[in-house]
Every structure is written in C-alpha cells, then in structure tokens.
Amino acid sequence: MTVDATSRPAAGGPRPGNGPCPGGSPRAGGGSPAPEDLRDLLGVPFTSEQIAAATAPLEPGVIVAGAGSGKTSVMAARVVWLVATGQVAPGDVLGLTFTTKAAGELTDRIRRGLAKAGAAGSVGDSEDDGPDQQGSDPVGGRVVGAPKPRPSGEADGEPVVSTYHSFAKRLITDHALRLGIEPGFRLLADATRFQLAGRVLRRHRGPVEALTRPLSMLTGDLVSLDAELSEHLVDPDTLAGFDLGWLAEIEAAVVAGRCAARNKGHVEALGRMALVARSRREIAAIVAEYREAKRELEVIDFGDLVTLAVRLADSVP
C-alpha cells in the first residue's frame, strides 16, 4: 500500500502544519488538530508509535508491519493529518493499494476522517480494478479506450484512491500514444490469457526437455511467470541468464556434495533445484514468444499495465 502526498499550499496560504488547507478549514471549531486528535477523528485507539508514523514530517517514509496491525488506519490518519494541518491540498494525495477491498477501506476511512475534521476534499468511492465492460474484441479482451469516470476524487481536487493496476490502466489510457499504443487498446480477460498462452505453447518448437507437466499446468506456469516478470520489471532474457548461472552453481555443488560423500537427501535436493532452473529457463523462452503474440494482436494484460506505466513515468516524468 502506498500513499503519496505532494506539498503544494496555495500562494499566500498557511504554512505546513500551521493552518487549514487551501479551500477549507481543518476543523469545524477552527485551528489545526493535535496529533492525539487523530484517535477521535478516525475512531481508532492508535498507539503512540502509530501516531508518530501518521504525523511524521512530510518526506519519504516506509511502514513495515504485519497483517492486521493497522496499516490501513495509519495511512488514512496520515492523509487526514496532512490535509487537516494544511501541509498538502486534498487533490495532491494519491493512495494506491493492491486490492479493490483495501482501496475501498482506505477510501472510507479517509472520507470519514476528513468529514469529521471539517477539512476540504472528502474522497469519493474508490475505483474498481476489474476488467472494463465497454465492449469485446475478437480475442475475448475488453475495449479500454471509451470514456469512463475518473478515479475517486480527481475531478473535484480530492484525494485519489485506487489499486495499482487501475491507476496504471488509467495512465496508459490517457497517454497511450506516448507509448506507441492505440488509445483503444484491448485488455485481455483472464480466460483469454490462458487461451492465448495455450496456443503459444502448442506452437513452440524450441527445447522443452525439462517441461514435463501437463499442458494445462504449463499454461498456468507461463501466464504466472509472464505476470511476475512484468510486475517486477524483469526481462525474460535476464531471468534466463540468471538461471543459467544458478544452474552452474547447483551442478558444481552436486559434484562437491558427492565428492564429500554428503547424505543422499542433500544431493537430491540440489537435483530438484537444478530441474527448477532448467524448466524456468525453458518457460522464460516461451514467455518471450507469448509477449510477441500479444504485440501482434495489439493486446495487453494486467501484468503489462505496471510495466507500461513505469515506462511512461520514466520517459515522460
């Protein structure tokens, strides 16, 4: 989960932390809230550590915490604090989550907190990151280029909360031509991704010595590896090169293990690791073919959204 806020007070407006945001007062009774007020504004019994995180200086920061520890509540409190104390304008807040459910929770908590604080810029409903339903295409994807509502808050200078994929999709739709993509690009539905991947596997003529799983399972492996590589910005050739080096290390360890008369289980475990390296190298080669097939059909999938959005941010800051 990510919350980004850019300080941009209005000319002649309050200094950070000393007054209301442009266009509204932070509290119904006037004056900026105190850190302890966040417990009442959010309705959460925050610990002193959580209060410190929510009211930290306006600079990059990271919260590392386990599931159920209150990260979403702290992120909402952070937004309420920054807006209510005038450090950022509501429209300069971007909240990104991994799931639609988390986006909805963050939206609701920010909305309630800002309303209770009397601050300007309550946030609207978060955007769903499911496939668009505006039309179908010959390969079963969806037409993305038709006009659609903006993510919550954008139209009214309010905080924007969305999933990573939804926000990336919106960026690409708005700036498709900068990426050499038609604005009406087609987004593959899950079922169609598997159909296309299966077609690519059946056409593949390269070595598949280590790929012994059934076609249906290999199709899932192909789709999953393509998505993981896309979302981690790793090229298939880079992965294949890594696995080649890893395979050499494993094989050297196998030889050393046998020479040292180590136990049989140790050598067998190394053998399984070698099989993983070999099979993943072969799948990586097919991922490249799968991506070429997507380019030929002029379609993309959810994994491509992240890669394209990063490319857009790098090339057109």
# chains A, B, ... in the order shown; residues from 1 in each chain; ligands from 1
>>> residues_around(residues="segment 163-174 of chain A", least_positions_apart="2", cutoff="6 Å", atoms="only C-alpha atoms", output="list in words")
Leu96, Thr97, Phe98, Thr99, Asp129, Ala176, Pro183, Leu305 and Ala309 of chain A
>>> atom_distance(atom1="atom CA of Gly206 of chain A", atom2="atom CA of Asp243 of chain A")
17.3 Å
>>> residues_around(residues="Phe194 of chain A", least_positions_apart="2", cutoff="8 Å", atoms="only C-alpha atoms", output="PyMOL selection string")
chain A and resi 190-192+196-198+219-220+223
>>> atom_distance(atom1="atom CA of Gly180 of chain A", atom2="atom CA of Asp235 of chain A")
19.4 Å
>>> closest_residue(among="A:Leu275, A:Leu270, A:Ala103, A:Leu244", to="Ala256 of chain A", atoms="only C-alpha atoms")
A:Leu270
>>> residues_around(residues="Glu228 of chain A", least_positions_apart="4", cutoff="8 Å", atoms="only C-alpha atoms", output="list in words")
Ser224, His232 and Gly303 of chain A
>>> write_last_selection(atoms="N, CA and C atoms", output="PDB file, in the first residue's frame")
ATOM      1  N   SER A 224       1.629 -17.114 -15.293  1.00  0.00           N
ATOM      2  CA  SER A 224       2.110 -16.616 -13.997  1.00  0.00           C
ATOM      3  C   SER A 224       3.498 -16.008 -14.110  1.00  0.00           C
ATOM      4  N   HIS A 232       7.677  -7.142 -11.832  1.00  0.00           N
ATOM      5  CA  HIS A 232       8.981  -6.895 -11.209  1.00  0.00           C
ATOM      6  C   HIS A 232       9.972  -6.274 -12.190  1.00  0.00           C
ATOM      7  N   GLY A 303      -0.625  -7.637 -16.099  1.00  0.00           N
ATOM      8  CA  GLY A 303       0.801  -7.550 -15.795  1.00  0.00           C
ATOM      9  C   GLY A 303       1.495  -6.480 -16.622  1.00  0.00           C
TER      10      GLY A 303
END
>>> atom_distance(atom1="atom CA of Ala277 of chain A", atom2="atom CA of Pro214 of chain A")
18.3 Å
>>> select_by_dssp(residues="segment 151-275 of chain A", states="alpha helix (DSSP H)", output="count of residues only")
78
>>> residues_around(residues="segment 45-56 of chain A", least_positions_apart="2", cutoff="12 Å", atoms="only C-alpha atoms", output="compact mmCIF listing (two decimals) with N, CA and C atoms, in the first residue's frame")
# COMPACT_ATOMS: atom_id res chain seq x y z
N VAL A 3 0.90 5.63 -0.12
CA VAL A 3 0.23 6.92 -0.09
C VAL A 3 1.26 7.97 -0.43
N PRO A 16 2.88 24.83 6.25
CA PRO A 16 2.61 23.45 6.65
C PRO A 16 2.48 23.32 8.16
N GLY A 17 1.37 22.70 8.57
CA GLY A 17 1.17 22.41 9.98
C GLY A 17 0.61 23.56 10.77
N PRO A 33 -5.69 20.30 14.07
CA PRO A 33 -5.81 19.26 15.09
C PRO A 33 -4.47 18.94 15.72
N ALA A 34 -4.51 18.44 16.92
CA ALA A 34 -3.31 17.94 17.58
C ALA A 34 -3.13 16.48 17.20
N PRO A 35 -1.91 15.94 17.28
CA PRO A 35 -1.72 14.53 16.92
C PRO A 35 -2.68 13.60 17.64
N GLU A 36 -2.94 13.88 18.92
CA GLU A 36 -3.82 12.99 19.69
C GLU A 36 -5.25 13.01 19.18
N ASP A 37 -5.63 14.08 18.45
CA ASP A 37 -7.00 14.17 17.93
C ASP A 37 -7.28 13.11 16.87
N LEU A 38 -6.22 12.53 16.29
CA LEU A 38 -6.42 11.52 15.26
C LEU A 38 -7.19 10.31 15.80
N ARG A 39 -7.04 10.02 17.07
CA ARG A 39 -7.77 8.87 17.65
C ARG A 39 -9.27 9.11 17.54
N ASP A 40 -9.70 10.34 17.80
CA ASP A 40 -11.13 10.66 17.73
C ASP A 40 -11.58 10.81 16.28
N LEU A 41 -10.75 11.44 15.45
CA LEU A 41 -11.14 11.68 14.06
C LEU A 41 -11.31 10.39 13.28
N LEU A 42 -10.45 9.40 13.55
CA LEU A 42 -10.53 8.12 12.84
C LEU A 42 -11.29 7.06 13.62
N GLY A 43 -11.57 7.33 14.89
CA GLY A 43 -12.25 6.34 15.71
C GLY A 43 -11.42 5.11 15.97
N LEU A 58 6.81 15.65 6.41
CA LEU A 58 6.42 15.41 5.03
C LEU A 58 7.65 15.08 4.20
N GLU A 59 8.03 13.81 4.23
CA GLU A 59 9.18 13.30 3.48
C GLU A 59 8.97 11.82 3.27
N PRO A 60 9.71 11.19 2.35
CA PRO A 60 9.52 9.75 2.10
C PRO A 60 9.67 8.92 3.37
N GLY A 61 8.83 7.92 3.52
CA GLY A 61 8.89 7.04 4.68
C GLY A 61 8.28 5.70 4.36
N VAL A 62 8.60 4.72 5.17
CA VAL A 62 8.10 3.36 4.97
C VAL A 62 7.61 2.82 6.30
N ILE A 63 6.46 2.16 6.28
CA ILE A 63 5.95 1.47 7.46
C ILE A 63 6.01 -0.02 7.19
N VAL A 64 6.71 -0.74 8.02
CA VAL A 64 6.82 -2.19 7.90
C VAL A 64 6.05 -2.81 9.06
N ALA A 65 4.98 -3.52 8.75
CA ALA A 65 4.14 -4.10 9.80
C ALA A 65 3.40 -5.30 9.22
N SER A 69 -2.19 -5.28 11.57
CA SER A 69 -1.53 -4.40 12.55
C SER A 69 -2.02 -2.95 12.46
N GLY A 70 -2.90 -2.66 11.51
CA GLY A 70 -3.46 -1.31 11.43
C GLY A 70 -2.82 -0.40 10.40
N LYS A 71 -2.19 -0.99 9.38
CA LYS A 71 -1.52 -0.15 8.37
C LYS A 71 -2.51 0.75 7.62
N THR A 72 -3.67 0.20 7.26
CA THR A 72 -4.64 1.00 6.52
C THR A 72 -5.14 2.17 7.36
N SER A 73 -5.39 1.93 8.64
CA SER A 73 -5.84 3.00 9.53
C SER A 73 -4.78 4.09 9.65
N VAL A 74 -3.52 3.68 9.74
CA VAL A 74 -2.44 4.66 9.86
C VAL A 74 -2.30 5.46 8.56
N MET A 75 -2.45 4.80 7.42
CA MET A 75 -2.37 5.52 6.15
C MET A 75 -3.50 6.54 6.04
N ALA A 76 -4.70 6.15 6.47
CA ALA A 76 -5.83 7.08 6.45
C ALA A 76 -5.57 8.25 7.39
N ALA A 77 -5.04 7.94 8.56
CA ALA A 77 -4.72 9.00 9.53
C ALA A 77 -3.66 9.94 8.98
N ARG A 78 -2.72 9.38 8.24
CA ARG A 78 -1.66 10.20 7.63
C ARG A 78 -2.27 11.21 6.65
N VAL A 79 -3.20 10.75 5.82
CA VAL A 79 -3.84 11.65 4.86
C VAL A 79 -4.64 12.72 5.59
N VAL A 80 -5.43 12.31 6.57
CA VAL A 80 -6.24 13.27 7.33
C VAL A 80 -5.36 14.31 8.00
N TRP A 81 -4.25 13.87 8.57
CA TRP A 81 -3.33 14.79 9.25
C TRP A 81 -2.73 15.80 8.28
N LEU A 82 -2.23 15.32 7.15
CA LEU A 82 -1.58 16.22 6.19
C LEU A 82 -2.56 17.22 5.60
N VAL A 83 -3.78 16.77 5.31
CA VAL A 83 -4.77 17.67 4.74
C VAL A 83 -5.29 18.65 5.79
N ALA A 84 -5.62 18.14 6.98
CA ALA A 84 -6.22 18.98 8.02
C ALA A 84 -5.24 20.00 8.58
N THR A 85 -3.95 19.73 8.51
CA THR A 85 -2.96 20.69 9.01
C THR A 85 -2.42 21.59 7.91
N GLN A 87 -0.70 20.87 5.21
CA GLN A 87 0.59 20.54 4.60
C GLN A 87 0.46 20.14 3.14
>>> closest_residue(among="A:Ala252, A:Leu179, A:Met273, A:Ala288", to="Ser230 of chain A", atoms="only C-alpha atoms")
A:Ala288
>>> residues_around(residues="Glu209 of chain A", least_positions_apart="4", cutoff="10 Å", atoms="only C-alpha atoms", output="list of chain:residue names")
A:Arg278, A:Ser279, A:Glu282
>>> residues_around(residues="Arg291 of chain A", least_positions_apart="6", cutoff="10 Å", atoms="only C-alpha atoms", output="count of residues only")
8
